[in-house]
$ cat final35.tsv   # TSV, C-alpha atoms
chain	number	residue	atom	x	y	z
A	1	MET	CA	114.95	108.24	72.29
A	2	GLY	CA	116.96	111.11	70.84
A	3	LEU	CA	120.20	112.30	72.39
A	4	ILE	CA	121.30	110.79	75.70
A	5	ARG	CA	122.85	113.49	77.87
A	6	TYR	CA	125.74	112.41	80.03
A	7	LEU	CA	128.24	113.75	82.54
A	8	ILE	CA	131.84	112.68	83.17
A	9	VAL	CA	133.05	113.00	86.77
A	10	ASP	CA	136.73	112.18	87.34
A	11	ASP	CA	139.38	114.10	89.27
A	12	GLU	CA	142.07	113.13	86.72
A	13	ALA	CA	142.09	115.04	83.44
A	14	PRO	CA	143.53	112.15	81.34
A	15	GLY	CA	140.70	109.92	82.54
A	16	ARG	CA	138.09	112.47	81.49
A	17	THR	CA	139.74	112.96	78.11
A	18	ASN	CA	140.06	109.25	77.36
A	19	LEU	CA	136.42	108.63	78.19
A	20	ARG	CA	135.20	111.61	76.19
A	21	LEU	CA	137.14	110.43	73.12
A	22	ALA	CA	135.85	106.87	73.52
A	23	LEU	CA	132.24	108.07	73.77
A	24	SER	CA	132.62	110.23	70.66
A	25	ALA	CA	132.14	106.98	68.72
A	26	HIS	CA	128.52	107.01	69.90
A	27	PRO	CA	126.79	109.92	68.09
A	28	ASP	CA	123.56	109.60	70.09
A	29	TRP	CA	125.39	110.55	73.29
A	30	GLN	CA	125.74	114.24	74.16
A	31	LEU	CA	128.36	115.39	76.68
A	32	LEU	CA	127.00	118.04	79.04
A	33	ALA	CA	130.10	118.67	81.14
A	34	GLU	CA	133.32	117.25	82.52
A	35	CYS	CA	133.67	117.59	86.30
A	36	ASP	CA	136.72	117.05	88.47
A	37	SER	CA	134.83	116.54	91.75
A	38	ALA	CA	131.49	115.57	93.28
A	39	ALA	CA	130.87	119.23	94.14
A	40	ALA	CA	131.37	120.29	90.53
A	41	ALA	CA	129.02	117.52	89.42
A	42	ARG	CA	126.27	118.89	91.68
A	43	VAL	CA	126.66	122.32	90.12
A	44	ALA	CA	126.47	120.87	86.61
A	45	LEU	CA	123.42	118.74	87.42
A	46	ALA	CA	121.63	121.72	88.96
A	47	SER	CA	121.79	123.61	85.68
A	48	THR	CA	121.25	120.73	83.23
A	49	PRO	CA	120.10	117.33	84.48
A	50	ALA	CA	121.96	114.38	82.97
A	51	GLU	CA	120.49	110.97	82.19
A	52	VAL	CA	123.76	109.10	82.68
A	53	ILE	CA	126.81	109.84	84.82
A	54	PHE	CA	130.19	108.20	84.26
A	55	LEU	CA	131.55	108.46	87.78
A	56	ASP	CA	134.97	107.80	89.26
A	57	ILE	CA	134.89	106.28	92.75
A	58	GLN	CA	138.06	107.42	94.47
A	59	MET	CA	138.29	111.20	94.35
A	60	PRO	CA	139.69	113.75	96.83
A	61	HIS	CA	137.34	115.28	99.43
A	62	GLU	CA	134.30	113.17	98.48
A	63	SER	CA	134.06	109.75	96.87
A	64	GLY	CA	131.93	108.88	93.90
A	65	LEU	CA	130.05	106.38	96.06
A	66	ALA	CA	128.90	109.17	98.37
A	67	LEU	CA	127.59	111.15	95.40
A	68	ALA	CA	125.88	108.04	94.00
A	69	ARG	CA	124.10	107.39	97.30
A	70	GLU	CA	122.86	110.98	97.33
A	71	LEU	CA	121.65	110.81	93.73
A	72	SER	CA	119.87	107.50	94.30
A	73	ARG	CA	117.44	109.30	96.61
A	74	LEU	CA	116.23	111.66	93.86
A	75	ALA	CA	112.76	111.19	92.42
A	76	ALA	CA	114.29	110.61	88.97
A	77	PRO	CA	117.95	109.65	89.56
A	78	PRO	CA	120.42	109.49	86.69
A	79	LEU	CA	121.94	106.17	85.72
A	80	ILE	CA	125.36	105.63	87.28
A	81	ILE	CA	128.21	103.92	85.44
A	82	PHE	CA	131.30	103.72	87.62
A	83	VAL	CA	134.64	104.11	85.86
A	84	THR	CA	137.58	103.34	88.13
A	85	ALA	CA	141.02	101.81	88.30
A	86	TYR	CA	140.06	99.75	91.37
A	87	ASN	CA	137.88	96.65	91.52
A	88	THR	CA	137.58	96.61	95.32
A	89	HIS	CA	134.40	98.71	95.33
A	90	ALA	CA	132.35	96.55	92.97
A	91	LEU	CA	129.99	95.32	95.69
A	92	ASP	CA	129.36	98.85	96.98
A	93	ALA	CA	128.69	99.98	93.42
A	94	PHE	CA	125.95	97.42	92.91
A	95	GLU	CA	124.41	98.28	96.26
A	96	VAL	CA	123.76	101.81	95.00
A	97	HIS	CA	122.22	100.25	91.88
A	98	ALA	CA	125.02	101.33	89.58
A	99	LEU	CA	124.17	100.23	86.06
A	100	ASP	CA	127.71	99.12	85.29
A	101	TYR	CA	131.26	99.08	86.62
A	102	LEU	CA	134.05	99.75	84.11
A	103	LEU	CA	137.71	99.30	84.94
A	104	LYS	CA	140.45	101.57	83.59
A	105	PRO	CA	141.92	101.40	81.02
A	106	ILE	CA	138.52	101.24	79.41
A	107	ASP	CA	137.94	98.52	76.85
A	108	ASP	CA	135.96	99.77	73.85
A	109	GLN	CA	133.82	96.64	73.74
A	110	ARG	CA	132.93	96.88	77.45
A	111	LEU	CA	132.09	100.55	77.00
A	112	ALA	CA	129.84	99.70	74.09
A	113	GLN	CA	128.05	97.14	76.26
A	114	ALA	CA	127.55	99.72	78.99
A	115	VAL	CA	126.22	102.27	76.47
A	116	THR	CA	123.77	99.74	75.04
A	117	ARG	CA	122.63	98.71	78.52
A	118	ALA	CA	122.12	102.34	79.55
A	119	ALA	CA	120.00	103.06	76.47
A	120	ALA	CA	117.82	100.03	77.23
A	121	MET	CA	117.46	101.02	80.87
A	122	LEU	CA	116.50	104.57	79.98
A	123	ALA	CA	113.72	103.19	77.80
A	124	TYR	CA	112.53	101.04	80.71
A	125	ARG	CA	112.84	103.63	83.44
A	126	HIS	CA	109.84	105.56	82.19
A	127	GLY	CA	107.81	102.94	84.03
A	128	ASP	CA	107.10	103.31	87.75
A	129	GLY	CA	108.96	100.13	88.68
A	130	TYR	CA	112.41	101.56	88.12
A	131	ARG	CA	111.74	104.79	89.98
A	132	ASN	CA	110.13	103.02	92.91
A	133	ALA	CA	113.01	100.56	93.18
A	134	LEU	CA	115.61	103.31	93.19
A	135	ARG	CA	113.73	105.34	95.78
A	136	ASN	CA	113.51	102.23	97.94
A	137	TYR	CA	117.33	102.17	98.14
A	138	ALA	CA	117.28	104.94	100.74
A	139	ALA	CA	115.05	102.86	103.01
A	140	VAL	CA	116.97	99.62	102.47
A	141	THR	CA	120.32	101.14	103.42
A	142	GLN	CA	119.05	102.52	106.71
A	143	PRO	CA	119.28	100.50	109.95
A	144	ALA	CA	115.47	100.17	110.04
A	145	HIS	CA	114.13	96.78	108.99
A	146	ALA	CA	113.44	96.53	105.28
A	147	GLU	CA	110.03	95.62	103.90
A	148	VAL	CA	111.15	95.46	100.28
A	149	LEU	CA	114.46	94.45	98.69
A	150	SER	CA	115.41	95.97	95.34
A	151	VAL	CA	117.14	93.18	93.44
A	152	ARG	CA	119.19	94.18	90.42
A	153	SER	CA	119.93	91.92	87.47
A	154	VAL	CA	120.93	92.61	83.88
A	155	GLY	CA	118.40	94.95	82.32
A	156	HIS	CA	115.99	95.37	85.21
A	157	ILE	CA	115.44	95.97	88.91
A	158	GLU	CA	112.85	93.87	90.73
A	159	GLN	CA	111.20	94.59	94.05
A	160	ILE	CA	110.96	91.54	96.33
A	161	ARG	CA	108.81	91.79	99.44
A	162	VAL	CA	110.66	90.52	102.50
A	163	SER	CA	107.44	88.89	103.67
A	164	ASP	CA	107.64	86.61	100.60
A	165	VAL	CA	111.12	85.31	101.52
A	166	LEU	CA	110.92	81.86	103.16
A	167	TRP	CA	114.64	81.37	103.77
A	168	LEU	CA	117.99	82.77	102.68
A	169	GLN	CA	121.33	81.17	101.94
A	170	SER	CA	124.73	82.73	101.39
A	171	ALA	CA	126.36	82.29	97.98
A	172	GLY	CA	129.63	84.20	98.19
A	173	ASN	CA	128.93	87.91	97.74
A	174	TYR	CA	125.34	87.03	96.88
A	175	VAL	CA	122.34	85.78	98.83
A	176	GLU	CA	119.84	83.29	97.49
A	177	LEU	CA	116.33	84.51	98.33
A	178	HIS	CA	114.13	81.42	98.41
A	179	LEU	CA	110.53	82.30	97.59
A	180	ALA	CA	107.54	79.99	97.29
A	181	ALA	CA	107.97	79.29	93.58
A	182	ARG	CA	111.49	80.44	92.70
A	183	THR	CA	114.89	81.52	93.93
A	184	VAL	CA	116.25	85.04	93.35
A	185	LEU	CA	119.94	85.96	93.55
A	186	HIS	CA	120.59	89.24	95.39
A	187	ARG	CA	124.04	90.84	95.36
A	188	MET	CA	124.68	91.49	99.05
A	189	PRO	CA	126.57	89.50	101.72
A	190	LEU	CA	124.31	87.57	104.08
A	191	SER	CA	125.79	89.31	107.13
A	192	ARG	CA	124.83	92.72	105.75
A	193	LEU	CA	121.38	91.62	104.66
A	194	GLU	CA	120.73	90.09	108.09
A	195	ARG	CA	120.90	93.56	109.64
A	196	LEU	CA	117.93	94.58	107.48
A	197	LEU	CA	115.76	91.67	108.63
A	198	ALA	CA	113.48	91.90	111.66
A	199	PRO	CA	114.75	89.46	114.35
A	200	ALA	CA	111.14	88.77	115.28
A	201	ASP	CA	110.59	87.33	111.79
A	202	PHE	CA	113.91	85.68	110.92
A	203	LEU	CA	116.36	83.38	112.69
A	204	ARG	CA	119.88	82.32	111.75
A	205	VAL	CA	120.31	78.54	111.95
A	206	HIS	CA	123.65	78.16	110.20
A	207	ARG	CA	126.60	80.31	109.24
A	208	THR	CA	125.16	80.42	105.72
A	209	VAL	CA	121.40	80.12	106.36
A	210	ILE	CA	118.64	82.35	107.79
A	211	VAL	CA	115.03	81.14	107.93
A	212	ARG	CA	111.65	82.75	108.48
A	213	ARG	CA	110.42	81.80	111.93
A	214	ASP	CA	106.92	80.87	110.78
A	215	GLN	CA	108.48	78.30	108.43
A	216	LEU	CA	109.91	76.19	111.28
A	217	ARG	CA	108.36	72.72	111.42
A	218	ARG	CA	110.70	69.97	112.65
A	219	LEU	CA	114.20	69.80	114.13
A	220	SER	CA	115.89	66.39	113.94
A	221	ALA	CA	119.08	65.23	115.65
A	222	LEU	CA	121.15	63.16	113.20
A	223	GLY	CA	123.93	62.25	115.65
A	224	ASP	CA	127.55	63.37	115.89
A	225	GLY	CA	126.36	66.89	116.69
A	226	ARG	CA	124.48	67.20	113.40
A	227	TYR	CA	120.95	68.57	113.12
A	228	GLN	CA	118.47	69.00	110.31
A	229	LEU	CA	115.62	71.49	110.10
A	230	ALA	CA	112.47	70.92	108.07
A	231	LEU	CA	110.57	73.97	106.84
A	232	ALA	CA	106.91	74.28	105.95
A	233	CYS	CA	107.89	74.88	102.32
A	234	GLY	CA	109.57	71.46	102.22
A	235	ALA	CA	113.20	72.58	102.43
A	236	GLN	CA	115.56	70.42	104.52
A	237	LEU	CA	118.41	72.51	105.96
A	238	ALA	CA	121.51	71.73	108.00
A	239	VAL	CA	121.68	73.44	111.40
A	240	SER	CA	124.96	74.47	113.05
A	241	GLU	CA	125.37	73.28	116.63
A	242	ARG	CA	126.04	76.82	117.82
A	243	TYR	CA	122.49	77.85	116.81
A	244	VAL	CA	120.65	74.78	118.13
A	245	ARG	CA	119.87	76.16	121.60
A	246	GLU	CA	118.18	79.30	120.29
A	247	LEU	CA	116.36	77.27	117.64
A	248	LYS	CA	115.02	74.85	120.26
A	249	ALA	CA	113.85	77.75	122.40
A	250	CYS	CA	112.11	79.26	119.39
A	251	MET	CA	110.31	75.97	118.64
$ encode --input "final35.tsv" --output "structure tokens"
Amino acid sequence: MGLIRYLIVDDEAPGRTNLRLALSAHPDWQLLAECDSAAAARVALASTPAEVIFLDIQMPHESGLALARELSRLAAPPLIIFVTAYNTHALDAFEVHALDYLLKPIDDQRLAQAVTRAAAMLAYRHGDGYRNALRNYAAVTQPAHAEVLSVRSVGHIEQIRVSDVLWLQSAGNYVELHLAARTVLHRMPLSRLERLLAPADFLRVHRTVIVRRDQLRRLSALGDGRYQLALACGAQLAVSERYVRELKACM
């Protein structure tokens, strides 16, 4: 692929220096500039586009997350690797399709993994799938109902049509997207993903479960305030008592 051009954006000089020295062990990587703010990064990118940005999250005036959201809307966005001393923004980082999330002090082995992953992704991104998925981020993060979900996993980003999702179940900071033939794990809390779903198409039946309305088939009372919902796809799901009234009205 030739040289991979990268940018370091960190408001702390020692952080920029440490990262630059660590990346000097990778001769195929070419440093374009070191920036101490999001504004300086914009100036640098305007003159020489970078393929990868090592980006700090917490910076004065404007956070790295804000810059990442802006860059994700570009036709050909650079890869983002967050480098930060805080692990509290990991979920937000993945929601802007950051390629990796490195914690300070940087471990050489983890950095090498991130470098290898970035090189592989750059080889893949020449296809339309990567660019389309990244452009879709702007639509997914808006209050309007999403038609496509961009699901990130190691080495690739996959577009899942919301119309193909039969039901969803919370799994910590992830959501299981149950499709007709498989289940896909999407890194986003169920409560946040619910805001992207059209209420006319989806219905919450449990604190951890949302179902597609056209999948509803049979609601059974099991006694002791317990209910079970059968879906057209064959799934049998527990129903919380607080959602039973709306579910009955829907059926």
$ closest_residue --input "final35.tsv" --among "A:Ala171, A:Ile157, A:Leu31, A:Leu149" --to "Leu99 of chain A" --atoms "all atoms listed in the file"
A:Ile157
$ residues_around --input "final35.tsv" --residues "Val148 of chain A" --least-positions-apart "2" --cutoff "6 Å" --atoms "only C-alpha atoms" --output "ChimeraX atom specification"
/A:146,160-162
$ atom_distance --input "final35.tsv" --atom1 "atom CA of Pro27 of chain A" --atom2 "atom CA of Ala98 of chain A"
23.2 Å
$ atom_distance --input "final35.tsv" --atom1 "atom CA of His186 of chain A" --atom2 "atom CA of Ile53 of chain A"
24.0 Å
$ closest_residue --input "final35.tsv" --among "A:Ser47, A:Ser240, A:Ser72, A:Asn173" --to "Val209 of chain A" --atoms "all atoms listed in the file"
A:Ser240
$ residues_around --input "final35.tsv" --residues "segment 12-26 of chain A" --least-positions-apart "2" --cutoff "12 Å" --atoms "all atoms listed in the file" --output "MDAnalysis selection string"
chainID A and resid 3:10 28:37 53:60 81:85 102:116 119
$ atom_distance --input "final35.tsv" --atom1 "atom CA of Leu67 of chain A" --atom2 "atom CA of Leu79 of chain A"
12.3 Å
$ closest_residue --input "final35.tsv" --among "A:Leu196, A:Leu71, A:Leu229, A:Ala249" --to "Gln215 of chain A" --atoms "all atoms listed in the file"
A:Leu229
$ residues_around --input "final35.tsv" --residues "Leu231 of chain A" --least-positions-apart "2" --cutoff "10 Å" --atoms "all atoms listed in the file" --output "tab-separated table (two decimals) with C-alpha atoms, in the frame of the given file"
chain	number	residue	atom	x	y	z
A	166	LEU	CA	110.92	81.86	103.16
A	167	TRP	CA	114.64	81.37	103.77
A	211	VAL	CA	115.03	81.14	107.93
A	212	ARG	CA	111.65	82.75	108.48
A	213	ARG	CA	110.42	81.80	111.93
A	214	ASP	CA	106.92	80.87	110.78
A	215	GLN	CA	108.48	78.30	108.43
A	216	LEU	CA	109.91	76.19	111.28
A	217	ARG	CA	108.36	72.72	111.42
A	218	ARG	CA	110.70	69.97	112.65
A	219	LEU	CA	114.20	69.80	114.13
A	228	GLN	CA	118.47	69.00	110.31
A	229	LEU	CA	115.62	71.49	110.10
A	233	CYS	CA	107.89	74.88	102.32
A	234	GLY	CA	109.57	71.46	102.22
A	235	ALA	CA	113.20	72.58	102.43
A	236	GLN	CA	115.56	70.42	104.52
A	237	LEU	CA	118.41	72.51	105.96
$ closest_residue --input "final35.tsv" --among "A:Arg117, A:His61, A:Arg245, A:Arg195" --to "Ile80 of chain A" --atoms "only C-alpha atoms"
A:Arg117
$ residues_near_point --input "final35.tsv" --point "(121.5, 80.6, 110.4)" --cutoff "10 Å" --atoms "only C-alpha atoms" --output "list in words"
Trp167, Leu168, Gln169, Ser170, Leu190, Glu194, Phe202, Leu203, Arg204, Val205, His206, Arg207, Thr208, Val209, Ile210, Val211, Leu237, Ala238, Val239, Ser240, Arg242, Tyr243, Val244 and Leu247 of chain A
$ residues_around --input "final35.tsv" --residues "Val184 of chain A" --least-positions-apart "5" --cutoff "10 Å" --atoms "all atoms listed in the file" --output "number ranges by chain"
A: 151, 153, 158, 160, 165, 168, 174-179
$ closest_residue --input "final35.tsv" --among "A:Val52, A:Met188, A:Ala181, A:Ala75" --to "Ala118 of chain A" --atoms "all atoms listed in the file"
A:Val52
$ closest_residue --input "final35.tsv" --among "A:Ala123, A:Ala180, A:Val43, A:Ala66" --to "Gly2 of chain A" --atoms "only C-alpha atoms"
A:Ala123
$ axis_aligned_box --input "final35.tsv" --around "segment 43-60 of chain A" --padding-each-side "3 Å" --output "lines of an AutoDock Vina configuration file"
center_x = 129.9
center_y = 114.9
center_z = 89.5
size_x = 25.6
size_y = 23.3
size_z = 20.6
